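Just below is one structure, and these are the notes that go with it.
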Amino acid sequence: MLATVALGLLALLPMARAADTPFRIGYLEWSEDPRYRAERLKAQYPLQPWGRPYAGAAQAISETAFSGAALKLKFELLKREAADVAGMADAVKAMVTAGIHYVIVDADGPVLADLAKRTAALPVTLFNIAAAQDSLRGAQCQSRLLHVLPNHAMLTDALAQYLVLRRWASVLVLQGPNPADAELAAAWARSAKRFGIKTVDSKPFKLGQDPRERELNNLQLLTGSKDYDAVFVADTDGEFARAVPYQTAKPRVVIGAAGLVADGWHWSWERDGARQLNNRLIKAAGRQVTSYDWAAWMAVKSVVEAVVRAGTPDYDKSDAYLRGPDIVLDGFKGFRMGYRPWDGQLRQPVLLNTGNWAIAIAPIEGFLDPVNNLDTLGFDSKETACSKSSASKPAAAGASK
């Protein structure tokens, strides 16, 4: 008899869920993003996407089956793509017209910055899951843009903390020719100054084997001058950096875009329940996952948590909770996380990995902040160059395990 009743209740469950009101989250891709070309994906460079991260967002949606039950909401994804910024802006406008106020964006920095400007007047919150540029959190910040992916300053601060821990006090910098490489090198210069690490020299490099440019492409020449404890490689493409470890003139550790790499996520991370999350994400994506996949997953989780905890699907109220000091986001990295009110960046730990293993997590023990220890990574409230704060004060709670 009890079995019959249970089966009857299970049969009614899909009908009850079907009656729930859909709460749709937008997902927007720049279809022409060169980072997703087949040859680049095959190379699997560190800090680069290894595939489109949409599967991460879809996995997060699949985990929300009962999250909206109390509010009679059913969370869903609406995916769109466009070939240029104008088309992406039109897609966001169409989503807002359809009642969607949260949109996850998979695009590089320049495209995302343009898109945020074009949609700044709309009642929509954009989630950045694929652009690490510091400028998006600084001079180009937008009040309706939140950043799930850690920025360059957070990554270089994590590396600098680890170098301080290991007492590696001097660094040689190799910088690539791209504008993004210059921004990454600037992030390292800031971190080195912040944590008291000496940059002994900075040299430009150029990918290639032209003998007339040996001073730019020959690693023995590039790394054979002054003494140093580590080599920081500022290479946002990743192709040059992969050849640097074990090829330097001196037997020194390589950090940055190869060797010891700081990243928002790594498939080998096993603590804090991460193994189970990685298994789910890997199964959903059909490959090893990166910080981009985790960021897509985390963006969905952020929206769901804000709506559920605010107790309403109302955009203004849920968005205020999303950006406020009371939200607690669990990213399976051992710290309580939330969005910084001064630049919209997600406070989060950073993993340090060697390609096939995550060896440490930052902030490194002993690096403290008077408000939140996670603010030892990236721009704190006194350092920010963003003038479009989404709230008036930083969260008061300190980071806690």
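Chains: A, B, ... in order of the structure tokens. Residues: from 1 per chain. Ligands: from 1, in order shown.
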
Run DSSP on the backbone and grab whatever in region 159-227 of chain A lands in helix (DSSP H, G or I); send it over as a compact mmCIF listing (two decimals) with N, CA and C atoms, in the first residue's frame.
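Output file part-v1.txt follows:
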# COMPACT_ATOMS: atom_id res chain seq x y z
N LEU A 159 50.63 34.07 -7.20
CA LEU A 159 51.99 33.62 -7.49
C LEU A 159 53.01 34.33 -6.59
N ALA A 160 52.82 35.62 -6.42
CA ALA A 160 53.76 36.39 -5.59
C ALA A 160 53.74 35.90 -4.15
N GLN A 161 52.55 35.61 -3.63
CA GLN A 161 52.47 35.08 -2.27
C GLN A 161 53.23 33.76 -2.14
N TYR A 162 53.09 32.92 -3.14
CA TYR A 162 53.78 31.63 -3.09
C TYR A 162 55.29 31.81 -3.16
N LEU A 163 55.75 32.76 -3.99
CA LEU A 163 57.18 33.02 -4.07
C LEU A 163 57.72 33.53 -2.74
N VAL A 164 56.95 34.38 -2.06
CA VAL A 164 57.36 34.85 -0.75
C VAL A 164 57.46 33.68 0.22
N LEU A 165 56.48 32.77 0.17
CA LEU A 165 56.50 31.59 1.02
C LEU A 165 57.76 30.76 0.79
N ARG A 166 58.15 30.61 -0.47
CA ARG A 166 59.31 29.79 -0.81
C ARG A 166 60.63 30.56 -0.74
N PRO A 179 49.18 43.29 -26.80
CA PRO A 179 48.73 44.24 -25.76
C PRO A 179 48.31 43.53 -24.48
N ALA A 180 47.68 42.36 -24.61
CA ALA A 180 47.25 41.62 -23.43
C ALA A 180 48.45 41.14 -22.63
N ASP A 181 49.58 40.84 -23.31
CA ASP A 181 50.80 40.45 -22.61
C ASP A 181 51.34 41.60 -21.77
N ALA A 182 51.24 42.80 -22.31
CA ALA A 182 51.69 43.98 -21.57
C ALA A 182 50.85 44.19 -20.32
N GLU A 183 49.55 43.94 -20.43
CA GLU A 183 48.68 44.08 -19.26
C GLU A 183 49.01 43.03 -18.21
N LEU A 184 49.31 41.81 -18.66
CA LEU A 184 49.68 40.75 -17.72
C LEU A 184 51.01 41.07 -17.05
N ALA A 185 51.96 41.59 -17.81
CA ALA A 185 53.25 41.97 -17.23
C ALA A 185 53.08 43.11 -16.23
N ALA A 186 52.18 44.04 -16.52
CA ALA A 186 51.91 45.13 -15.58
C ALA A 186 51.29 44.60 -14.29
N ALA A 187 50.44 43.58 -14.43
CA ALA A 187 49.85 42.96 -13.24
C ALA A 187 50.94 42.34 -12.38
N TRP A 188 51.90 41.66 -13.03
CA TRP A 188 52.99 41.08 -12.26
C TRP A 188 53.82 42.16 -11.57
N ALA A 189 54.12 43.26 -12.28
CA ALA A 189 54.91 44.34 -11.70
C ALA A 189 54.23 44.88 -10.44
N ARG A 190 52.93 45.02 -10.50
CA ARG A 190 52.17 45.48 -9.33
C ARG A 190 52.29 44.49 -8.18
N SER A 191 52.11 43.20 -8.48
CA SER A 191 52.18 42.17 -7.44
C SER A 191 53.58 42.09 -6.83
N ALA A 192 54.60 42.17 -7.67
CA ALA A 192 55.97 42.12 -7.18
C ALA A 192 56.24 43.26 -6.21
N LYS A 193 55.78 44.45 -6.56
CA LYS A 193 55.95 45.61 -5.67
C LYS A 193 55.15 45.43 -4.39
N ARG A 194 53.96 44.90 -4.52
CA ARG A 194 53.06 44.74 -3.38
C ARG A 194 53.64 43.77 -2.34
N PHE A 195 54.32 42.72 -2.81
CA PHE A 195 54.81 41.70 -1.89
C PHE A 195 56.33 41.68 -1.75
N PRO A 211 66.81 33.39 -37.23
CA PRO A 211 68.14 33.60 -36.62
C PRO A 211 68.50 35.07 -36.49
N ARG A 212 67.86 35.93 -37.28
CA ARG A 212 68.13 37.36 -37.18
C ARG A 212 67.49 37.98 -35.93
N GLU A 213 66.62 37.22 -35.28
CA GLU A 213 65.94 37.71 -34.08
C GLU A 213 66.24 36.81 -32.88
N ARG A 214 67.46 36.34 -32.83
CA ARG A 214 67.85 35.39 -31.78
C ARG A 214 67.68 35.99 -30.38
N GLU A 215 67.93 37.28 -30.26
CA GLU A 215 67.80 37.91 -28.94
C GLU A 215 66.36 37.93 -28.45
N LEU A 216 65.41 37.70 -29.37
CA LEU A 216 63.99 37.70 -29.00
C LEU A 216 63.41 36.30 -28.90
N ASN A 217 64.00 35.32 -29.58
CA ASN A 217 63.38 33.99 -29.61
C ASN A 217 64.26 32.87 -29.04
N LEU A 219 65.91 31.11 -26.03
CA LEU A 219 65.74 31.10 -24.58
C LEU A 219 67.07 31.16 -23.83
N GLN A 220 68.12 30.62 -24.40
CA GLN A 220 69.42 30.70 -23.73
C GLN A 220 69.87 32.15 -23.63
N LEU A 221 69.64 32.92 -24.68
CA LEU A 221 70.00 34.33 -24.65
C LEU A 221 69.05 35.13 -23.76
N LEU A 222 67.78 34.81 -23.82
CA LEU A 222 66.78 35.56 -23.04
C LEU A 222 66.96 35.36 -21.54

Within 8 Å of Met95 (chain A) using only C-alpha atoms, minus same-chain residues under 5 positions, as a tab-separated table (two decimals) with C-alpha atoms, in the first residue's frame:
chain	number	residue	atom	x	y	z
A	26	GLY	CA	20.57	34.07	-20.49
A	100	ILE	CA	15.54	37.86	-18.65
A	101	HIS	CA	17.69	40.05	-16.40

Once DSSP has gone over the backbone, tell me which residues of region 220-384 of chain A are in strand (DSSP E or B), as a list in words.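 Those in region 220-384 of chain A that DSSP calls strand (DSSP E or B) are Ala230, Val231, Phe232, Val233, Ala234, Val253, Val254, Ile255, Gly256, Leu260, Val261, Ala262, Asp263, Leu329, Asp330, Arg336, Met337, Tyr339, Gln345, Leu346, Val350, Leu351, Leu352, Asn353, Ala358, Ile359, Ala360, Ile361 and Ala362 of chain A.
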
If we count only C-alpha atoms, what is near Leu73 (chain A) at a cut-off of 12 Å, once residues fewer than 6 positions away on the same chain are taken out, given as a PyMOL selection string? chain A and resi 16-24+64-67+304+307-308+311-314

Which polymer residues have any atom within 12 Å of an atom of Ala320 (chain A), counting only C-alpha atoms, with same-chain residues fewer than 3 positions away left out, as a list in words?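 Listing them by chain and then by number gives Thr125, Arg144, Val303, Ala306, Val307, Arg309, Ala310, Thr312, Pro313, Asp314, Tyr315, Asp316, Lys317, Arg323, Gly324, Pro325, Asp326, Ile327, Tyr339, Pro341, Ser390, Ala391 and Ser392 of chain A.
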
Dump as a PDB file, in the first residue's frame, selection limited to N, CA and C atoms:
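Now in selection12.pdb:
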ATOM      1  N   THR A 125      22.025  42.245 -15.572  1.00  0.00           N
ATOM      2  CA  THR A 125      23.342  42.001 -14.986  1.00  0.00           C
ATOM      3  C   THR A 125      24.077  41.002 -15.863  1.00  0.00           C
ATOM      4  N   ARG A 144      26.866  47.240 -14.076  1.00  0.00           N
ATOM      5  CA  ARG A 144      26.015  46.076 -14.320  1.00  0.00           C
ATOM      6  C   ARG A 144      26.806  44.850 -14.788  1.00  0.00           C
ATOM      7  N   VAL A 303      23.262  33.307  -9.429  1.00  0.00           N
ATOM      8  CA  VAL A 303      21.908  33.792  -9.679  1.00  0.00           C
ATOM      9  C   VAL A 303      20.897  33.012  -8.844  1.00  0.00           C
ATOM     10  N   ALA A 306      21.049  33.952  -5.180  1.00  0.00           N
ATOM     11  CA  ALA A 306      20.504  35.285  -4.926  1.00  0.00           C
ATOM     12  C   ALA A 306      18.982  35.286  -4.952  1.00  0.00           C
ATOM     13  N   VAL A 307      18.407  34.618  -5.938  1.00  0.00           N
ATOM     14  CA  VAL A 307      16.945  34.581  -6.063  1.00  0.00           C
ATOM     15  C   VAL A 307      16.315  33.825  -4.898  1.00  0.00           C
ATOM     16  N   ARG A 309      17.633  33.125  -1.852  1.00  0.00           N
ATOM     17  CA  ARG A 309      17.836  33.772  -0.558  1.00  0.00           C
ATOM     18  C   ARG A 309      17.081  35.080  -0.447  1.00  0.00           C
ATOM     19  N   ALA A 310      16.923  35.786  -1.557  1.00  0.00           N
ATOM     20  CA  ALA A 310      16.118  37.006  -1.534  1.00  0.00           C
ATOM     21  C   ALA A 310      14.638  36.680  -1.381  1.00  0.00           C
ATOM     22  N   THR A 312      12.521  35.975  -3.747  1.00  0.00           N
ATOM     23  CA  THR A 312      11.670  36.563  -4.777  1.00  0.00           C
ATOM     24  C   THR A 312      12.393  36.547  -6.123  1.00  0.00           C
ATOM     25  N   PRO A 313      11.656  36.396  -7.225  1.00  0.00           N
ATOM     26  CA  PRO A 313      12.276  36.506  -8.549  1.00  0.00           C
ATOM     27  C   PRO A 313      12.411  37.956  -9.013  1.00  0.00           C
ATOM     28  N   ASP A 314      11.977  38.904  -8.199  1.00  0.00           N
ATOM     29  CA  ASP A 314      12.082  40.312  -8.561  1.00  0.00           C
ATOM     30  C   ASP A 314      13.540  40.692  -8.813  1.00  0.00           C
ATOM     31  N   TYR A 315      13.803  41.287  -9.952  1.00  0.00           N
ATOM     32  CA  TYR A 315      15.183  41.553 -10.353  1.00  0.00           C
ATOM     33  C   TYR A 315      15.890  42.501  -9.400  1.00  0.00           C
ATOM     34  N   ASP A 316      15.264  43.626  -9.064  1.00  0.00           N
ATOM     35  CA  ASP A 316      15.922  44.608  -8.208  1.00  0.00           C
ATOM     36  C   ASP A 316      16.289  44.015  -6.855  1.00  0.00           C
ATOM     37  N   LYS A 317      15.392  43.233  -6.273  1.00  0.00           N
ATOM     38  CA  LYS A 317      15.650  42.666  -4.946  1.00  0.00           C
ATOM     39  C   LYS A 317      16.691  41.550  -4.995  1.00  0.00           C
ATOM     40  N   ARG A 323      24.663  41.262  -4.853  1.00  0.00           N
ATOM     41  CA  ARG A 323      25.806  42.157  -4.674  1.00  0.00           C
ATOM     42  C   ARG A 323      26.056  42.523  -3.215  1.00  0.00           C
ATOM     43  N   GLY A 324      25.186  42.099  -2.332  1.00  0.00           N
ATOM     44  CA  GLY A 324      25.257  42.525  -0.947  1.00  0.00           C
ATOM     45  C   GLY A 324      26.190  41.695  -0.085  1.00  0.00           C
ATOM     46  N   PRO A 325      26.362  42.090   1.181  1.00  0.00           N
ATOM     47  CA  PRO A 325      27.314  41.430   2.084  1.00  0.00           C
ATOM     48  C   PRO A 325      26.812  40.121   2.669  1.00  0.00           C
ATOM     49  N   ASP A 326      25.528  39.815   2.515  1.00  0.00           N
ATOM     50  CA  ASP A 326      24.975  38.625   3.172  1.00  0.00           C
ATOM     51  C   ASP A 326      25.068  37.359   2.328  1.00  0.00           C
ATOM     52  N   ILE A 327      25.291  37.508   1.030  1.00  0.00           N
ATOM     53  CA  ILE A 327      25.327  36.324   0.176  1.00  0.00           C
ATOM     54  C   ILE A 327      26.560  35.472   0.504  1.00  0.00           C
ATOM     55  N   TYR A 339      30.585  38.921  -4.137  1.00  0.00           N
ATOM     56  CA  TYR A 339      31.086  39.885  -5.121  1.00  0.00           C
ATOM     57  C   TYR A 339      31.529  41.180  -4.455  1.00  0.00           C
ATOM     58  N   PRO A 341      31.945  44.938  -3.825  1.00  0.00           N
ATOM     59  CA  PRO A 341      31.059  46.036  -4.199  1.00  0.00           C
ATOM     60  C   PRO A 341      31.741  47.128  -5.006  1.00  0.00           C
ATOM     61  N   SER A 390      29.037  49.212  -7.391  1.00  0.00           N
ATOM     62  CA  SER A 390      27.661  48.735  -7.365  1.00  0.00           C
ATOM     63  C   SER A 390      27.069  48.788  -5.966  1.00  0.00           C
ATOM     64  N   ALA A 391      27.854  49.155  -4.978  1.00  0.00           N
ATOM     65  CA  ALA A 391      27.369  49.335  -3.620  1.00  0.00           C
ATOM     66  C   ALA A 391      28.306  50.310  -2.926  1.00  0.00           C
ATOM     67  N   SER A 392      27.940  50.757  -1.747  1.00  0.00           N
ATOM     68  CA  SER A 392      28.703  51.822  -1.115  1.00  0.00           C
ATOM     69  C   SER A 392      29.848  51.331  -0.253  1.00  0.00           C
TER      70      SER A 392
END

At a cut-off of 8 Å, using only C-alpha atoms, what residues contact region 79-94 of chain A? Leave out same-chain residues fewer than 5 positions from it and give the result as a PDB file with N, CA, C and O atoms, in the first residue's frame.
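Dumped to out_31.pdb:
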ATOM      1  N   GLY A  26      20.020  34.008 -19.139  1.00  0.00           N
ATOM      2  CA  GLY A  26      20.567  34.073 -20.487  1.00  0.00           C
ATOM      3  C   GLY A  26      22.008  33.590 -20.543  1.00  0.00           C
ATOM      4  O   GLY A  26      22.761  33.715 -19.573  1.00  0.00           O
ATOM      5  N   TYR A  27      22.369  33.029 -21.681  1.00  0.00           N
ATOM      6  CA  TYR A  27      23.750  32.600 -21.921  1.00  0.00           C
ATOM      7  C   TYR A  27      24.111  33.043 -23.333  1.00  0.00           C
ATOM      8  O   TYR A  27      23.473  32.635 -24.306  1.00  0.00           O
ATOM      9  N   LEU A  28      25.153  33.884 -23.444  1.00  0.00           N
ATOM     10  CA  LEU A  28      25.485  34.507 -24.723  1.00  0.00           C
ATOM     11  C   LEU A  28      26.941  34.235 -25.090  1.00  0.00           C
ATOM     12  O   LEU A  28      27.850  34.472 -24.299  1.00  0.00           O
ATOM     13  N   GLU A  29      27.153  33.733 -26.315  1.00  0.00           N
ATOM     14  CA  GLU A  29      28.496  33.438 -26.816  1.00  0.00           C
ATOM     15  C   GLU A  29      28.864  34.345 -27.978  1.00  0.00           C
ATOM     16  O   GLU A  29      28.011  34.668 -28.826  1.00  0.00           O
ATOM     17  N   TRP A  30      30.125  34.759 -28.017  1.00  0.00           N
ATOM     18  CA  TRP A  30      30.679  35.397 -29.209  1.00  0.00           C
ATOM     19  C   TRP A  30      31.163  34.271 -30.110  1.00  0.00           C
ATOM     20  O   TRP A  30      32.172  33.622 -29.837  1.00  0.00           O
ATOM     21  N   SER A  31      30.455  34.034 -31.181  1.00  0.00           N
ATOM     22  CA  SER A  31      30.720  32.862 -32.017  1.00  0.00           C
ATOM     23  C   SER A  31      32.054  32.931 -32.741  1.00  0.00           C
ATOM     24  O   SER A  31      32.604  31.896 -33.132  1.00  0.00           O
ATOM     25  N   GLU A  32      32.618  34.136 -32.915  1.00  0.00           N
ATOM     26  CA  GLU A  32      33.873  34.293 -33.653  1.00  0.00           C
ATOM     27  C   GLU A  32      35.091  34.403 -32.741  1.00  0.00           C
ATOM     28  O   GLU A  32      36.156  34.821 -33.190  1.00  0.00           O
ATOM     29  N   VAL A 103      22.451  37.609 -17.593  1.00  0.00           N
ATOM     30  CA  VAL A 103      23.009  37.031 -18.813  1.00  0.00           C
ATOM     31  C   VAL A 103      24.479  36.699 -18.593  1.00  0.00           C
ATOM     32  O   VAL A 103      25.280  37.563 -18.227  1.00  0.00           O
ATOM     33  N   VAL A 111      35.603  42.677 -26.526  1.00  0.00           N
ATOM     34  CA  VAL A 111      34.206  42.470 -26.918  1.00  0.00           C
ATOM     35  C   VAL A 111      33.286  42.674 -25.722  1.00  0.00           C
ATOM     36  O   VAL A 111      32.242  43.325 -25.818  1.00  0.00           O
ATOM     37  N   ASP A 114      32.894  46.398 -24.793  1.00  0.00           N
ATOM     38  CA  ASP A 114      31.997  47.072 -25.733  1.00  0.00           C
ATOM     39  C   ASP A 114      30.543  46.687 -25.466  1.00  0.00           C
ATOM     40  O   ASP A 114      29.643  47.531 -25.451  1.00  0.00           O
ATOM     41  N   LEU A 115      30.317  45.401 -25.241  1.00  0.00           N
ATOM     42  CA  LEU A 115      28.958  44.932 -24.977  1.00  0.00           C
ATOM     43  C   LEU A 115      28.393  45.562 -23.710  1.00  0.00           C
ATOM     44  O   LEU A 115      27.223  45.976 -23.675  1.00  0.00           O
ATOM     45  N   ARG A 118      27.279  49.088 -24.425  1.00  0.00           N
ATOM     46  CA  ARG A 118      26.076  49.160 -25.258  1.00  0.00           C
ATOM     47  C   ARG A 118      24.804  48.784 -24.497  1.00  0.00           C
ATOM     48  O   ARG A 118      23.705  49.175 -24.900  1.00  0.00           O
ATOM     49  N   THR A 119      24.943  48.013 -23.435  1.00  0.00           N
ATOM     50  CA  THR A 119      23.763  47.549 -22.705  1.00  0.00           C
ATOM     51  C   THR A 119      23.674  48.147 -21.303  1.00  0.00           C
ATOM     52  O   THR A 119      22.877  47.704 -20.484  1.00  0.00           O
ATOM     53  N   LEU A 122      20.288  49.100 -19.744  1.00  0.00           N
ATOM     54  CA  LEU A 122      19.258  48.069 -19.623  1.00  0.00           C
ATOM     55  C   LEU A 122      19.232  47.479 -18.210  1.00  0.00           C
ATOM     56  O   LEU A 122      20.262  47.401 -17.536  1.00  0.00           O
TER      57      LEU A 122
END

Contacts of region 372-375 of chain A within 12 Å, only C-alpha atoms, excl. fewer than 6 positions in-chain, as a CSV table (one decimal) with N, CA and C atoms, in the first residue's frame:
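The resulting file, result_1.csv, is shown below:
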chain,number,residue,atom,x,y,z
A,150,PRO,N,38.6,35.0,-12.2
A,150,PRO,CA,39.6,35.9,-11.5
A,150,PRO,C,40.4,36.7,-12.5
A,153,ALA,N,45.4,40.4,-11.8
A,153,ALA,CA,46.0,40.9,-10.6
A,153,ALA,C,45.8,39.8,-9.5
A,154,MET,N,44.7,39.1,-9.5
A,154,MET,CA,44.4,38.0,-8.5
A,154,MET,C,45.4,36.9,-8.8
A,157,ASP,N,49.0,38.0,-7.9
A,157,ASP,CA,49.2,38.1,-6.4
A,157,ASP,C,49.3,36.7,-5.8
A,158,ALA,N,48.6,35.7,-6.3
A,158,ALA,CA,48.7,34.4,-5.8
A,158,ALA,C,50.1,33.8,-6.0
A,325,PRO,N,26.4,42.1,1.2
A,325,PRO,CA,27.3,41.4,2.1
A,325,PRO,C,26.8,40.1,2.7
A,333,LYS,N,36.0,25.7,-3.0
A,333,LYS,CA,37.4,26.0,-2.8
A,333,LYS,C,37.7,26.4,-1.3
A,334,GLY,N,36.7,26.1,-0.4
A,334,GLY,CA,37.0,26.2,1.0
A,334,GLY,C,36.8,27.5,1.6
A,335,PHE,N,36.4,28.6,0.9
A,335,PHE,CA,36.2,29.9,1.4
A,335,PHE,C,34.7,30.3,1.1
A,336,ARG,N,34.2,31.2,1.9
A,336,ARG,CA,32.9,31.8,1.6
A,336,ARG,C,33.2,32.9,0.6
A,337,MET,N,32.4,33.0,-0.4
A,337,MET,CA,32.7,33.9,-1.5
A,337,MET,C,31.5,34.9,-1.8
A,338,GLY,N,31.8,36.0,-2.3
A,338,GLY,CA,30.8,37.0,-2.7
A,338,GLY,C,31.4,38.0,-3.6
A,339,TYR,N,30.6,38.9,-4.1
A,339,TYR,CA,31.1,39.9,-5.1
A,339,TYR,C,31.5,41.2,-4.5
A,340,ARG,N,32.7,41.7,-4.9
A,340,ARG,CA,33.2,42.9,-4.3
A,340,ARG,C,32.3,44.1,-4.8
A,341,PRO,N,31.9,44.9,-3.8
A,341,PRO,CA,31.1,46.0,-4.2
A,341,PRO,C,31.7,47.1,-5.0
A,342,TRP,N,33.1,47.2,-5.0
A,342,TRP,CA,33.7,48.3,-5.7
A,342,TRP,C,34.0,48.0,-7.1
A,345,GLN,N,34.0,42.1,-8.8
A,345,GLN,CA,34.8,40.9,-9.0
A,345,GLN,C,34.4,39.9,-7.9
A,346,LEU,N,34.3,38.6,-8.2
A,346,LEU,CA,34.0,37.6,-7.3
A,346,LEU,C,35.2,37.3,-6.4
A,347,ARG,N,35.1,37.6,-5.1
A,347,ARG,CA,36.1,37.2,-4.2
A,347,ARG,C,36.3,35.7,-4.2
A,348,GLN,N,37.5,35.2,-4.3
A,348,GLN,CA,37.7,33.7,-4.4
A,348,GLN,C,39.1,33.4,-4.2
A,349,PRO,N,39.4,32.2,-3.7
A,349,PRO,CA,40.8,31.7,-3.7
A,349,PRO,C,41.3,31.4,-5.1
A,350,VAL,N,42.6,31.3,-5.2
A,350,VAL,CA,43.2,31.0,-6.5
A,350,VAL,C,44.0,29.7,-6.3
A,361,ILE,N,46.9,26.6,-2.6
A,361,ILE,CA,45.7,27.5,-2.8
A,361,ILE,C,46.1,28.8,-2.1
A,362,ALA,N,45.8,29.9,-2.7
A,362,ALA,CA,46.0,31.2,-2.2
A,362,ALA,C,44.6,31.9,-1.9
A,363,PRO,N,44.5,32.7,-0.9
A,363,PRO,CA,45.6,33.3,-0.2
A,363,PRO,C,46.4,32.3,0.7
A,364,ILE,N,47.7,32.5,0.6
A,364,ILE,CA,48.6,31.6,1.4
A,364,ILE,C,48.5,32.0,2.9
A,365,GLU,N,48.5,31.0,3.7
A,365,GLU,CA,48.4,31.2,5.1
A,365,GLU,C,49.4,32.2,5.6
A,366,GLY,N,48.9,33.2,6.4
A,366,GLY,CA,49.8,34.3,6.9
A,366,GLY,C,49.6,35.6,6.1
A,381,SER,N,39.6,47.6,-1.8
A,381,SER,CA,38.8,48.8,-1.9
A,381,SER,C,39.6,50.1,-2.0
A,382,LYS,N,40.8,50.1,-1.4
A,382,LYS,CA,41.6,51.3,-1.5
A,382,LYS,C,42.4,51.4,-2.8
A,383,GLU,N,42.5,50.3,-3.5
A,383,GLU,CA,43.4,50.2,-4.7
A,383,GLU,C,42.6,50.3,-5.9
A,384,THR,N,41.3,50.2,-5.9
A,384,THR,CA,40.5,50.1,-7.1
A,384,THR,C,40.5,51.3,-7.9
A,394,PRO,N,32.3,47.8,1.2
A,394,PRO,CA,32.7,46.4,1.1
A,394,PRO,C,32.1,45.6,2.2
A,395,ALA,N,32.0,44.3,1.9
A,395,ALA,CA,31.4,43.4,2.9
A,395,ALA,C,32.3,43.4,4.2
A,396,ALA,N,31.6,43.3,5.3
A,396,ALA,CA,32.3,43.4,6.6
A,396,ALA,C,32.9,42.1,7.1
A,397,ALA,N,32.3,41.0,6.6
A,397,ALA,CA,32.7,39.7,7.1
A,397,ALA,C,34.1,39.3,6.6
A,398,GLY,N,35.0,38.7,7.4
A,398,GLY,CA,36.2,38.3,7.0
A,398,GLY,C,36.1,36.9,6.3
A,399,ALA,N,37.1,36.5,5.5
A,399,ALA,CA,37.1,35.2,4.9
A,399,ALA,C,37.2,34.2,5.9
A,400,SER,N,36.5,33.1,5.7
A,400,SER,CA,36.5,32.0,6.7
A,400,SER,C,36.5,30.7,6.0
A,401,LYS,N,37.2,29.7,6.5
A,401,LYS,CA,37.2,28.4,5.9
A,401,LYS,C,35.9,27.7,6.2

Considering only C-alpha atoms, give me a table of residues in region 280-329 of chain A that are at most 12 Å from region 132-137 of chain A, with the closest atom pair and distance in Å for each, as a Markdown table.
| residue | atom | partner | partner_atom | distance |
| --- | --- | --- | --- | --- |
| A:Ser291 | CA | A:Ala132 | CA | 10.9 |
| A:Tyr292 | CA | A:Ala132 | CA | 10.4 |
| A:Ala295 | CA | A:Ala132 | CA | 11.6 |

Output N, CA, C and O atoms for every residue in the selection just made, as a compact mmCIF listing (two decimals), in the first residue's frame.
# COMPACT_ATOMS: atom_id res chain seq x y z
N SER A 291 39.08 26.78 -15.61
CA SER A 291 38.42 27.82 -14.82
C SER A 291 37.23 28.42 -15.57
O SER A 291 36.30 28.94 -14.95
N TYR A 292 37.23 28.36 -16.89
CA TYR A 292 36.11 28.89 -17.67
C TYR A 292 34.85 28.06 -17.42
O TYR A 292 33.74 28.60 -17.28
N ALA A 295 33.67 28.83 -13.97
CA ALA A 295 33.06 30.16 -13.90
C ALA A 295 31.63 30.14 -14.45
O ALA A 295 30.74 30.80 -13.90

Please determine, counting only C-alpha atoms, which residue among A:Asp380, A:Asp369, A:Asp235, A:Asp343 has the shortest atom-to-atom distance to Val148 (chain A).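 The closest residue to Val148 (chain A) is A:Asp343.
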